[in-house]
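Structure file start-v8.csv (CSV, C-alpha atoms) is printed below.
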```
chain,number,residue,atom,x,y,z
A,29,MET,CA,35.2,-51.6,21.9
A,30,ASP,CA,32.7,-51.2,19.1
A,31,GLN,CA,29.1,-50.2,19.8
A,32,LEU,CA,27.8,-53.7,19.5
A,33,ALA,CA,30.4,-55.0,22.0
A,34,ALA,CA,29.6,-52.2,24.3
A,35,LEU,CA,25.9,-52.8,24.1
A,36,LEU,CA,26.2,-56.5,24.7
A,37,ASP,CA,28.5,-55.8,27.6
A,38,GLY,CA,25.6,-54.2,29.3
A,39,PRO,CA,23.4,-57.2,30.5
A,40,ARG,CA,24.2,-58.0,34.1
A,41,ALA,CA,21.7,-60.3,35.7
A,42,ARG,CA,21.8,-60.0,39.5
A,43,GLY,CA,19.6,-62.5,41.2
A,44,ALA,CA,17.4,-62.7,38.1
A,45,PHE,CA,14.1,-64.5,38.2
A,46,LEU,CA,14.6,-67.9,36.6
A,47,LEU,CA,12.0,-70.6,36.2
A,48,ARG,CA,11.4,-73.9,34.4
A,49,SER,CA,7.8,-74.3,33.4
A,50,VAL,CA,6.3,-77.7,32.7
A,51,LEU,CA,2.9,-77.5,31.1
A,52,ASP,CA,0.2,-79.6,29.4
A,53,PRO,CA,-2.4,-78.0,27.1
A,54,PRO,CA,-4.5,-76.1,27.4
A,55,TRP,CA,-2.5,-73.4,29.1
A,56,SER,CA,-2.1,-69.7,28.8
A,57,LEU,CA,-0.1,-67.2,30.9
A,58,ARG,CA,-0.8,-63.4,30.9
A,59,ILE,CA,2.5,-61.7,31.7
A,60,GLN,CA,2.0,-58.4,33.5
A,61,ASP,CA,5.2,-58.3,35.5
A,62,GLU,CA,6.4,-55.0,33.9
A,63,ALA,CA,10.0,-56.4,33.5
A,64,PRO,CA,12.1,-54.4,31.1
A,65,LEU,CA,13.4,-57.6,29.4
A,66,SER,CA,12.5,-61.3,29.5
A,67,VAL,CA,14.1,-64.4,27.9
A,68,ILE,CA,12.0,-67.4,27.1
A,69,ALA,CA,13.8,-70.6,25.9
A,70,GLN,CA,11.7,-73.4,24.4
A,71,VAL,CA,13.0,-76.8,25.5
A,72,SER,CA,10.2,-79.1,24.3
A,73,GLY,CA,6.8,-78.7,22.8
A,74,GLU,CA,5.8,-75.3,21.3
A,75,SER,CA,4.5,-72.0,22.6
A,76,TRP,CA,3.0,-68.9,21.1
A,77,ILE,CA,4.0,-65.4,22.1
A,78,VAL,CA,1.1,-62.9,21.7
A,79,LEU,CA,1.9,-59.2,22.0
A,80,ASP,CA,-1.2,-57.0,22.2
A,81,GLY,CA,-2.2,-55.8,18.8
A,82,ARG,CA,0.4,-57.9,16.9
A,83,ALA,CA,0.4,-61.2,15.0
A,84,PRO,CA,1.2,-64.2,17.3
A,85,ALA,CA,4.8,-65.6,17.1
A,86,ARG,CA,5.4,-69.3,17.3
A,87,LEU,CA,8.3,-70.6,19.5
A,88,LEU,CA,9.7,-74.1,18.6
A,89,PRO,CA,12.1,-76.3,20.5
A,90,GLY,CA,15.6,-74.8,20.5
A,91,GLU,CA,14.3,-71.3,19.9
A,92,VAL,CA,14.5,-68.3,22.2
A,93,ALA,CA,12.2,-65.3,22.5
A,94,VAL,CA,13.5,-62.0,23.9
A,95,VAL,CA,10.6,-59.8,24.9
A,96,ARG,CA,11.1,-56.1,25.7
A,97,GLY,CA,8.7,-54.7,28.4
A,98,PRO,CA,7.1,-53.3,30.3
A,99,GLU,CA,3.9,-53.8,28.3
A,100,PRO,CA,2.0,-57.0,29.0
A,101,TYR,CA,1.9,-60.0,26.7
A,102,THR,CA,0.6,-63.6,26.7
A,103,VAL,CA,2.4,-66.9,26.4
A,104,ALA,CA,0.2,-69.9,25.5
A,105,ASP,CA,-0.2,-73.3,23.9
A,106,HIS,CA,-2.3,-71.6,21.2
A,107,PRO,CA,-3.1,-68.0,20.4
A,108,GLY,CA,-6.8,-68.6,21.1
A,109,THR,CA,-6.4,-70.1,24.6
A,110,GLU,CA,-7.8,-67.7,27.3
A,111,PRO,CA,-5.3,-66.8,30.1
A,112,GLN,CA,-5.6,-69.1,33.2
A,113,VAL,CA,-2.7,-67.5,35.1
A,114,VAL,CA,-1.7,-63.8,35.4
A,115,ILE,CA,1.9,-63.0,36.4
A,116,HIS,CA,2.1,-59.7,38.3
A,117,PRO,CA,5.1,-57.6,39.4
A,118,GLY,CA,7.3,-59.5,41.8
A,119,GLN,CA,6.3,-62.7,40.1
A,120,HIS,CA,3.1,-62.9,42.0
A,121,CYS,CA,0.8,-65.5,40.3
A,122,ALA,CA,-2.9,-65.3,40.4
A,123,THR,CA,-6.0,-66.4,38.5
A,124,PRO,CA,-7.6,-63.8,36.1
A,125,ASP,CA,-10.2,-63.1,38.8
A,126,GLY,CA,-7.5,-62.3,41.4
A,127,ARG,CA,-7.2,-65.5,43.4
A,128,THR,CA,-3.6,-66.1,44.5
A,129,LEU,CA,-1.8,-69.2,43.1
A,130,ALA,CA,1.2,-69.0,45.5
A,131,GLY,CA,2.7,-72.4,45.9
A,132,THR,CA,-0.1,-74.3,44.2
A,133,MET,CA,1.7,-75.0,41.0
A,134,ASP,CA,5.2,-75.7,42.4
A,135,LEU,CA,6.9,-78.8,41.0
A,136,GLY,CA,10.4,-78.6,42.6
A,137,VAL,CA,13.5,-76.5,42.4
A,138,ARG,CA,12.8,-73.5,40.2
A,139,THR,CA,10.1,-75.6,38.5
A,140,TRP,CA,6.4,-74.7,38.1
A,141,GLY,CA,3.5,-75.9,36.0
A,142,ASN,CA,0.2,-77.7,35.7
A,143,ASP,CA,1.6,-81.2,35.1
A,144,PRO,CA,5.0,-82.7,36.1
A,145,ASP,CA,4.9,-84.8,33.0
A,146,GLY,CA,3.7,-82.1,30.6
A,147,GLY,CA,5.0,-82.1,27.1
A,148,THR,CA,5.8,-78.4,27.0
A,149,VAL,CA,9.0,-77.2,28.9
A,150,MET,CA,10.1,-73.6,28.9
A,151,LEU,CA,12.9,-71.7,30.7
A,152,THR,CA,12.1,-68.2,31.6
A,153,GLY,CA,14.6,-65.6,32.7
A,154,THR,CA,13.6,-62.0,33.7
A,155,TYR,CA,15.8,-58.9,34.1
A,156,ASN,CA,13.8,-57.3,36.9
A,157,LEU,CA,15.8,-54.0,37.1
A,158,GLU,CA,16.2,-51.6,34.2
A,159,GLY,CA,19.7,-50.9,35.3
A,160,ALA,CA,20.7,-54.5,34.6
A,161,VAL,CA,20.4,-53.8,30.9
A,162,SER,CA,21.6,-50.6,29.3
A,163,ARG,CA,18.9,-48.2,28.1
A,164,ARG,CA,20.6,-47.8,24.8
A,165,LEU,CA,20.4,-51.6,24.2
A,166,LEU,CA,16.7,-51.6,25.1
A,167,GLU,CA,16.0,-48.8,22.7
A,168,ALA,CA,17.7,-50.7,19.9
A,169,LEU,CA,15.5,-53.7,20.3
A,170,PRO,CA,12.0,-54.4,18.9
A,171,ARG,CA,9.3,-55.7,21.2
A,172,LEU,CA,10.0,-59.3,20.3
A,173,ILE,CA,12.9,-61.2,18.9
A,174,VAL,CA,12.9,-65.0,18.1
A,175,GLN,CA,16.2,-66.7,17.3
A,176,PRO,CA,17.9,-70.1,17.7
A,177,GLY,CA,19.3,-70.6,21.2
A,178,GLY,CA,22.0,-73.1,20.5
A,179,PRO,CA,23.7,-75.3,23.1
A,180,ILE,CA,23.4,-72.8,25.9
A,181,ILE,CA,19.7,-73.9,26.3
A,182,THR,CA,20.9,-77.4,27.2
A,183,LEU,CA,23.3,-76.1,29.8
A,184,LEU,CA,20.8,-73.8,31.3
A,185,THR,CA,18.2,-76.7,31.4
A,186,ASP,CA,20.7,-78.8,33.4
A,187,GLU,CA,21.6,-76.0,35.8
A,188,ILE,CA,18.3,-74.4,36.5
A,189,VAL,CA,17.0,-77.4,38.6
A,190,LYS,CA,20.1,-77.6,40.8
A,191,ASP,CA,20.2,-76.3,44.3
A,192,GLU,CA,23.9,-75.9,45.1
A,193,PRO,CA,26.1,-73.2,46.7
A,194,GLY,CA,26.6,-70.3,44.3
A,195,GLN,CA,23.9,-71.6,41.9
A,196,GLU,CA,22.3,-68.2,41.7
A,197,ALA,CA,25.5,-66.6,40.3
A,198,VAL,CA,25.9,-69.5,37.8
A,199,LEU,CA,22.4,-69.1,36.5
A,200,ASP,CA,22.8,-65.3,36.2
A,201,ARG,CA,25.8,-65.7,34.0
A,202,LEU,CA,24.2,-68.4,31.9
A,203,LEU,CA,21.2,-66.1,31.4
A,204,ASP,CA,23.5,-63.3,30.3
A,205,VAL,CA,25.3,-65.6,27.8
A,206,LEU,CA,22.1,-66.8,26.3
A,207,LEU,CA,20.7,-63.3,25.9
A,208,ILE,CA,24.0,-62.1,24.4
A,209,ALA,CA,24.1,-65.0,21.9
A,210,VAL,CA,20.6,-64.3,20.8
A,211,LEU,CA,21.1,-60.6,20.4
A,212,ARG,CA,24.3,-61.0,18.5
A,213,ALA,CA,22.6,-63.3,16.0
A,214,TRP,CA,19.7,-60.8,15.7
A,215,PHE,CA,22.0,-57.8,15.2
A,216,ALA,CA,23.7,-59.7,12.3
A,217,THR,CA,20.4,-59.7,10.3
A,218,HIS,CA,18.8,-57.1,8.1
A,219,GLU,CA,16.5,-56.2,11.0
A,220,ALA,CA,19.3,-54.4,12.9
A,221,PRO,CA,19.0,-50.7,13.4
A,222,GLY,CA,20.6,-48.2,11.0
A,223,TRP,CA,23.6,-47.4,13.3
A,224,PHE,CA,24.6,-51.1,13.3
A,225,ARG,CA,24.6,-51.3,9.5
A,226,ALA,CA,26.4,-48.0,9.4
A,227,MET,CA,29.3,-49.6,11.2
A,228,GLY,CA,30.2,-51.4,8.0
A,229,ASP,CA,30.6,-48.1,6.1
A,230,PRO,CA,34.3,-47.3,5.5
A,231,VAL,CA,33.8,-43.6,6.5
A,232,VAL,CA,30.9,-43.5,8.9
A,233,GLY,CA,31.9,-46.8,10.6
A,234,ARG,CA,35.4,-45.5,11.2
A,235,ALA,CA,34.1,-42.3,12.7
A,236,MET,CA,31.7,-44.2,15.0
A,237,ARG,CA,34.5,-46.5,16.2
A,238,MET,CA,36.7,-43.5,17.1
A,239,MET,CA,33.9,-42.1,19.2
A,240,HIS,CA,33.2,-45.5,20.8
A,241,ASN,CA,36.8,-46.1,21.7
A,242,ASP,CA,37.5,-42.7,23.1
A,243,PRO,CA,34.3,-40.9,24.3
A,244,ALA,CA,36.3,-38.6,26.5
A,245,HIS,CA,38.1,-37.0,23.5
A,246,PRO,CA,36.9,-33.5,22.5
A,247,TRP,CA,35.5,-34.7,19.2
A,248,THR,CA,34.2,-32.2,16.6
A,249,VAL,CA,32.8,-32.9,13.2
A,250,ALA,CA,35.8,-31.2,11.6
A,251,GLY,CA,38.2,-33.3,13.6
A,252,LEU,CA,36.4,-36.6,12.8
A,253,ALA,CA,36.3,-35.6,9.1
A,254,ALA,CA,40.0,-35.0,9.0
A,255,GLU,CA,40.7,-38.4,10.6
A,256,VAL,CA,38.6,-40.3,8.1
A,257,GLY,CA,39.7,-38.2,5.1
A,258,VAL,CA,36.6,-36.5,3.9
A,259,SER,CA,35.1,-33.0,4.1
A,260,ARG,CA,33.2,-31.9,7.2
A,261,ALA,CA,30.0,-31.5,5.1
A,262,SER,CA,30.4,-34.9,3.5
A,263,LEU,CA,30.8,-36.6,6.8
A,264,ALA,CA,27.9,-34.8,8.4
A,265,ARG,CA,25.6,-35.7,5.4
A,266,ARG,CA,26.7,-39.3,5.1
A,267,PHE,CA,26.6,-39.9,8.9
A,268,THR,CA,23.1,-38.5,9.2
A,269,GLU,CA,21.8,-40.5,6.2
A,270,LEU,CA,23.1,-43.8,7.5
A,271,VAL,CA,22.8,-43.4,11.3
A,272,GLY,CA,19.7,-41.3,11.4
A,273,GLU,CA,21.2,-38.4,13.5
A,274,PRO,CA,24.2,-36.0,13.2
A,275,PRO,CA,27.6,-37.1,14.5
A,276,MET,CA,27.5,-34.8,17.6
A,277,ALA,CA,24.0,-35.9,18.5
A,278,PHE,CA,25.1,-39.5,18.3
A,279,LEU,CA,28.2,-38.7,20.4
A,280,THR,CA,26.1,-37.1,23.1
A,281,GLY,CA,23.7,-40.0,23.2
A,282,TRP,CA,26.6,-42.4,23.4
A,283,ARG,CA,28.3,-40.5,26.2
A,284,LEU,CA,25.2,-40.2,28.3
A,285,ALA,CA,24.3,-43.9,27.7
A,286,LEU,CA,27.7,-44.8,29.0
A,287,ALA,CA,27.3,-42.4,31.9
A,288,ALA,CA,24.0,-44.0,32.8
A,289,ASP,CA,25.6,-47.4,33.1
A,290,LEU,CA,28.7,-46.1,34.9
A,291,LEU,CA,26.7,-44.2,37.5
A,292,ARG,CA,25.2,-47.4,38.8
A,293,GLU,CA,28.6,-49.1,39.3
A,294,PRO,CA,29.7,-49.2,43.0
A,295,GLY,CA,32.2,-46.6,44.1
A,296,THR,CA,31.8,-44.2,41.1
A,297,THR,CA,31.4,-40.5,41.5
A,298,ILE,CA,29.8,-38.1,39.2
A,299,GLY,CA,33.1,-36.4,38.7
A,300,SER,CA,34.9,-39.6,37.7
A,301,VAL,CA,32.1,-40.5,35.3
A,302,ALA,CA,32.1,-37.0,33.8
A,303,ARG,CA,35.9,-37.4,33.0
A,304,LYS,CA,35.4,-40.9,31.4
A,305,VAL,CA,32.7,-39.7,29.1
A,306,GLY,CA,34.0,-36.4,28.0
A,307,TYR,CA,32.5,-33.8,30.2
A,308,GLY,CA,34.7,-31.2,31.9
A,309,SER,CA,32.9,-31.1,35.2
A,310,PRO,CA,30.2,-32.8,37.2
A,311,PHE,CA,28.0,-29.8,36.6
A,312,ALA,CA,28.3,-30.1,32.8
A,313,LEU,CA,27.5,-33.8,33.0
A,314,SER,CA,24.6,-33.2,35.3
A,315,ALA,CA,23.1,-30.5,33.1
A,316,ALA,CA,23.4,-32.7,29.9
A,317,PHE,CA,22.1,-35.8,31.7
A,318,LYS,CA,19.0,-34.1,33.1
A,319,ARG,CA,18.3,-32.3,29.8
A,320,VAL,CA,18.3,-35.6,27.8
A,321,HIS,CA,17.0,-38.1,30.4
A,322,GLY,CA,14.8,-35.9,32.5
A,323,VAL,CA,16.4,-37.0,35.8
A,324,SER,CA,19.6,-36.0,37.5
A,325,PRO,CA,22.6,-38.4,37.8
A,326,GLN,CA,21.9,-38.6,41.5
A,327,GLU,CA,18.2,-39.5,40.9
A,328,HIS,CA,19.2,-42.1,38.2
A,329,ARG,CA,21.7,-43.7,40.6
A,330,ALA,CA,19.0,-43.9,43.2
A,331,GLY,CA,16.9,-45.9,40.8
A,332,ALA,CA,14.7,-43.4,39.0
A,333,PRO,CA,13.8,-44.6,35.5
A,334,LEU,CA,15.2,-42.9,32.5
```
Full structure transcribed into structure tokens:
Amino acid sequence: MDQLAALLDGPRARGAFLLRSVLDPPWSLRIQDEAPLSVIAQVSGESWIVLDGRAPARLLPGEVAVVRGPEPYTVADHPGTEPQVVIHPGQHCATPDGRTLAGTMDLGVRTWGNDPDGGTVMLTGTYNLEGAVSRRLLEALPRLIVQPGGPIITLLTDEIVKDEPGQEAVLDRLLDVLLIAVLRAWFATHEAPGWFRAMGDPVVGRAMRMMHNDPAHPWTVAGLAAEVGVSRASLARRFTELVGEPPMAFLTGWRLALAADLLREPGTTIGSVARKVGYGSPFALSAAFKRVHGVSPQEHRAGAPL
């Protein structure tokens, strides 16, 4: 599994918040839900995504915005429209002066808005728990990505208004597929981080794939250099130039990112995770994990943020 495949294997929506919004201008929503990642698919009409301190981004039909939190942002019919609704943690809706809007804008199954015949239709999906998306993936993303969504938008549009047995699981998986499709398209552009572009290098890319595919192996710079047919100094220099960090620092980050995801899987132990990611004992993993992430594996498993 290469690093992109491993990163995109991370999203796991579990009872994600999903909503179809039907709106008629003027409208403006201030999003303060502190979610680590949100997906907004434009079905009809247009929207503007306004991140504080940044130029507004236009969202046209068929496009998808991926917004990395937890900082607040605004979604509106026009960048100049003042917010009329504030979305707080737990998806609690209120007016800017604090009056609750619970139930007052409901328009049916997973549908909400100010006009049932409004010309603007958006689908919003929110990953509410940081553990549902790997930390390494979040760190690789900018605050905002806008990409074409493709046919998945149509499928999600059809399914989001259904109220059938197992529908929550269906919607979770569709949200994951939509997110992965958008991120894969974005990672194929020049905006992708250095480590992604480095994967195309015949020397550095090969060394990265070896570490990806077998993180438990006791890799050294000398061992990697011998495998890819260059000197130790040459690999270290080239790797650092292209990736932005030395090979062993990259390997440590990769191992601990995998460990963070594995620790939240049911039935795993710190010992089993340590073996899978190349640490000789639970103590060694715990020491490295706390040094890098600031919390112990036990605290991370219990839900403490990294």
**Message:** Measuring between only C-alpha atoms, which one of A:Gly141, A:Pro176, A:Gly131, A:Pro107 shows the shortest distance to A:Leu47?
**Reply:** A:Gly141
**Request:** Please measure the separation of atom CA of A:Thr109 and atom CA of A:Gly97, giving the value in Å to one decimal.
**Result:**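 Computing the Euclidean distance for atom CA of A:Thr109 and atom CA of A:Gly97 yields 21.9 Å.
Among the candidate residues A:Ile181, A:Val103, A:Ala213, A:Leu172, the one lying nearest to A:Ser72 is A:Ile181, with distances computed using only C-alpha atoms.
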What's the 8 Å shell around A:Val113, counting only C-alpha atoms, without same-chain residues fewer than 3 positions away, as a compact mmCIF listing (two decimals) with C-alpha atoms, in the frame of the given file?
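Result written to selection02.txt:
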```
# COMPACT_ATOMS: atom_id res chain seq x y z
CA SER A 56 -2.10 -69.70 28.80
CA LEU A 57 -0.10 -67.20 30.90
CA ARG A 58 -0.80 -63.40 30.90
CA CYS A 121 0.80 -65.50 40.30
CA ALA A 122 -2.90 -65.30 40.40
CA THR A 123 -6.00 -66.40 38.50
CA PRO A 124 -7.60 -63.80 36.10
```
**Request:** Tell me, in Å to one decimal, how far atom CA of A:Asp204 is from atom CA of A:Met150.
**Result:**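 Atom-to-atom, atom CA of A:Asp204 to atom CA of A:Met150, that is 17.0 Å.
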For stretch 238-255 of chain A, list every protein, DNA or RNA residue within 7 Å, evaluated using only C-alpha atoms, and leave out those in the same chain fewer than 3 positions away; present the list as a PDB file with C-alpha atoms, in the frame of the given file.
```pdb
ATOM      1  CA  MET A  29      35.200 -51.600  21.900  1.00  0.00           C
ATOM      2  CA  ASP A  30      32.700 -51.200  19.100  1.00  0.00           C
ATOM      3  CA  GLN A  31      29.100 -50.200  19.800  1.00  0.00           C
ATOM      4  CA  ARG A 234      35.400 -45.500  11.200  1.00  0.00           C
ATOM      5  CA  ALA A 235      34.100 -42.300  12.700  1.00  0.00           C
ATOM      6  CA  VAL A 258      36.600 -36.500   3.900  1.00  0.00           C
ATOM      7  CA  SER A 259      35.100 -33.000   4.100  1.00  0.00           C
ATOM      8  CA  ARG A 260      33.200 -31.900   7.200  1.00  0.00           C
ATOM      9  CA  LEU A 263      30.800 -36.600   6.800  1.00  0.00           C
ATOM     10  CA  PRO A 275      27.600 -37.100  14.500  1.00  0.00           C
ATOM     11  CA  LEU A 279      28.200 -38.700  20.400  1.00  0.00           C
ATOM     12  CA  ARG A 283      28.300 -40.500  26.200  1.00  0.00           C
ATOM     13  CA  ARG A 303      35.900 -37.400  33.000  1.00  0.00           C
ATOM     14  CA  LYS A 304      35.400 -40.900  31.400  1.00  0.00           C
ATOM     15  CA  VAL A 305      32.700 -39.700  29.100  1.00  0.00           C
ATOM     16  CA  GLY A 306      34.000 -36.400  28.000  1.00  0.00           C
TER      17      GLY A 306
END
```
**Asked** Could you work out how far atom CA of A:Ala261 lies from atom CA of A:Pro230, giving the answer in Å with one decimal?
**Response**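 Computing it gives 16.4 Å between the two atoms.
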**Request:** Show which residues sit within 7 Å of A:Gln70, as a VMD selection string. Count all atoms listed in the file, and ignore same-chain residues fewer than 5 positions away.
**Result:** chain A and resid 87 to 92 149 to 151
**Nearest candidate to A:Leu184 (options A:Ser324, A:Thr152, A:Thr217, A:Ser262; using only C-alpha atoms)** =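 Result for the nearest residue to A:Leu184: A:Thr152.
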Determine, counting all atoms listed in the file, which protein, DNA and RNA residues have an atom within 10 Å of an atom of A:Arg86; residues of the same chain fewer than 3 positions away are not included. Present the result as a compact mmCIF listing (two decimals) with C-alpha atoms, in the coordinates of the input.
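So around.txt came out as:
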```
# COMPACT_ATOMS: atom_id res chain seq x y z
CA GLU A 74 5.80 -75.30 21.30
CA SER A 75 4.50 -72.00 22.60
CA TRP A 76 3.00 -68.90 21.10
CA ILE A 77 4.00 -65.40 22.10
CA VAL A 78 1.10 -62.90 21.70
CA ALA A 83 0.40 -61.20 15.00
CA GLU A 91 14.30 -71.30 19.90
CA ALA A 93 12.20 -65.30 22.50
CA VAL A 103 2.40 -66.90 26.40
CA ALA A 104 0.20 -69.90 25.50
CA ASP A 105 -0.20 -73.30 23.90
CA HIS A 106 -2.30 -71.60 21.20
CA PRO A 107 -3.10 -68.00 20.40
CA VAL A 174 12.90 -65.00 18.10
```
**Message:** Using all atoms listed in the file, list the residues that have an atom at most 10 Å from (18.2, -71.0, 43.7), coordinates as in the file, as number ranges by chain.
**Reply:** A: 43, 45-47, 137-138, 187-199
**Item:** Residue nearest A:Ala226 - candidates A:Leu79, A:Val210, A:Val320, A:Leu270, atoms counted: all atoms listed in the file
**Value:**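 Nearest candidate to A:Ala226 out of A:Leu79, A:Val210, A:Val320, A:Leu270: A:Leu270.
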**Request:** Could you tell me which of A:His116, A:Arg292, A:Arg265, A:Arg48 comes closest to A:Gln60 if we count only C-alpha atoms?
**Result:** A:His116
**Message:** I'd like to know which of A:Gly118, A:Pro221, A:Gly136, A:Gly233 is closest to A:Val50, using all atoms listed in the file.
**Reply:**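 Result for the nearest residue to A:Val50: A:Gly136.
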Can you fill out stretch 49-65 of chain A with N, CA, C and O atoms and hand it back as a CSV table (one decimal), keeping the file's coordinate frame?
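Below is the file part-v6.csv, written as the result:
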```csv
chain,number,residue,atom,x,y,z
A,49,SER,N,9.2,-74.0,33.4
A,49,SER,CA,7.8,-74.3,33.4
A,49,SER,C,7.5,-75.6,32.7
A,49,SER,O,8.1,-75.8,31.6
A,50,VAL,N,6.7,-76.5,33.3
A,50,VAL,CA,6.3,-77.7,32.7
A,50,VAL,C,4.8,-77.7,32.6
A,50,VAL,O,4.1,-77.7,33.6
A,51,LEU,N,4.3,-77.8,31.3
A,51,LEU,CA,2.9,-77.5,31.1
A,51,LEU,C,2.3,-78.5,30.1
A,51,LEU,O,3.0,-79.1,29.3
A,52,ASP,N,1.0,-78.8,30.3
A,52,ASP,CA,0.2,-79.6,29.4
A,52,ASP,C,-1.0,-78.8,29.0
A,52,ASP,O,-1.7,-78.2,29.8
A,53,PRO,N,-1.3,-78.8,27.6
A,53,PRO,CA,-2.4,-78.0,27.1
A,53,PRO,C,-3.7,-78.5,27.7
A,53,PRO,O,-3.9,-79.6,28.1
A,54,PRO,N,-4.7,-77.5,27.8
A,54,PRO,CA,-4.5,-76.1,27.4
A,54,PRO,C,-3.9,-75.3,28.5
A,54,PRO,O,-4.2,-75.5,29.7
A,55,TRP,N,-3.1,-74.3,28.2
A,55,TRP,CA,-2.5,-73.4,29.1
A,55,TRP,C,-2.3,-72.0,28.5
A,55,TRP,O,-2.0,-71.9,27.3
A,56,SER,N,-2.3,-71.0,29.3
A,56,SER,CA,-2.1,-69.7,28.8
A,56,SER,C,-1.7,-68.8,30.0
A,56,SER,O,-2.4,-68.8,31.0
A,57,LEU,N,-0.6,-68.0,29.8
A,57,LEU,CA,-0.1,-67.2,30.9
A,57,LEU,C,-0.1,-65.7,30.4
A,57,LEU,O,0.5,-65.4,29.4
A,58,ARG,N,-0.7,-64.9,31.2
A,58,ARG,CA,-0.8,-63.4,30.9
A,58,ARG,C,0.4,-62.8,31.7
A,58,ARG,O,0.3,-62.8,33.0
A,59,ILE,N,1.4,-62.2,31.1
A,59,ILE,CA,2.5,-61.7,31.7
A,59,ILE,C,2.4,-60.2,31.9
A,59,ILE,O,2.4,-59.4,30.9
A,60,GLN,N,2.2,-59.8,33.2
A,60,GLN,CA,2.0,-58.4,33.5
A,60,GLN,C,3.0,-58.0,34.6
A,60,GLN,O,2.8,-57.1,35.4
A,61,ASP,N,4.3,-58.5,34.5
A,61,ASP,CA,5.2,-58.3,35.5
A,61,ASP,C,6.0,-57.0,35.4
A,61,ASP,O,6.8,-56.6,36.2
A,62,GLU,N,5.8,-56.3,34.2
A,62,GLU,CA,6.4,-55.0,33.9
A,62,GLU,C,8.0,-55.1,33.8
A,62,GLU,O,8.7,-54.1,33.9
A,63,ALA,N,8.5,-56.3,33.6
A,63,ALA,CA,10.0,-56.4,33.5
A,63,ALA,C,10.5,-55.7,32.2
A,63,ALA,O,9.8,-55.8,31.2
A,64,PRO,N,11.6,-55.1,32.3
A,64,PRO,CA,12.1,-54.4,31.1
A,64,PRO,C,12.6,-55.4,30.0
A,64,PRO,O,12.5,-55.1,28.8
A,65,LEU,N,13.0,-56.6,30.4
A,65,LEU,CA,13.4,-57.6,29.4
A,65,LEU,C,13.3,-59.0,29.9
A,65,LEU,O,13.6,-59.3,31.1
```
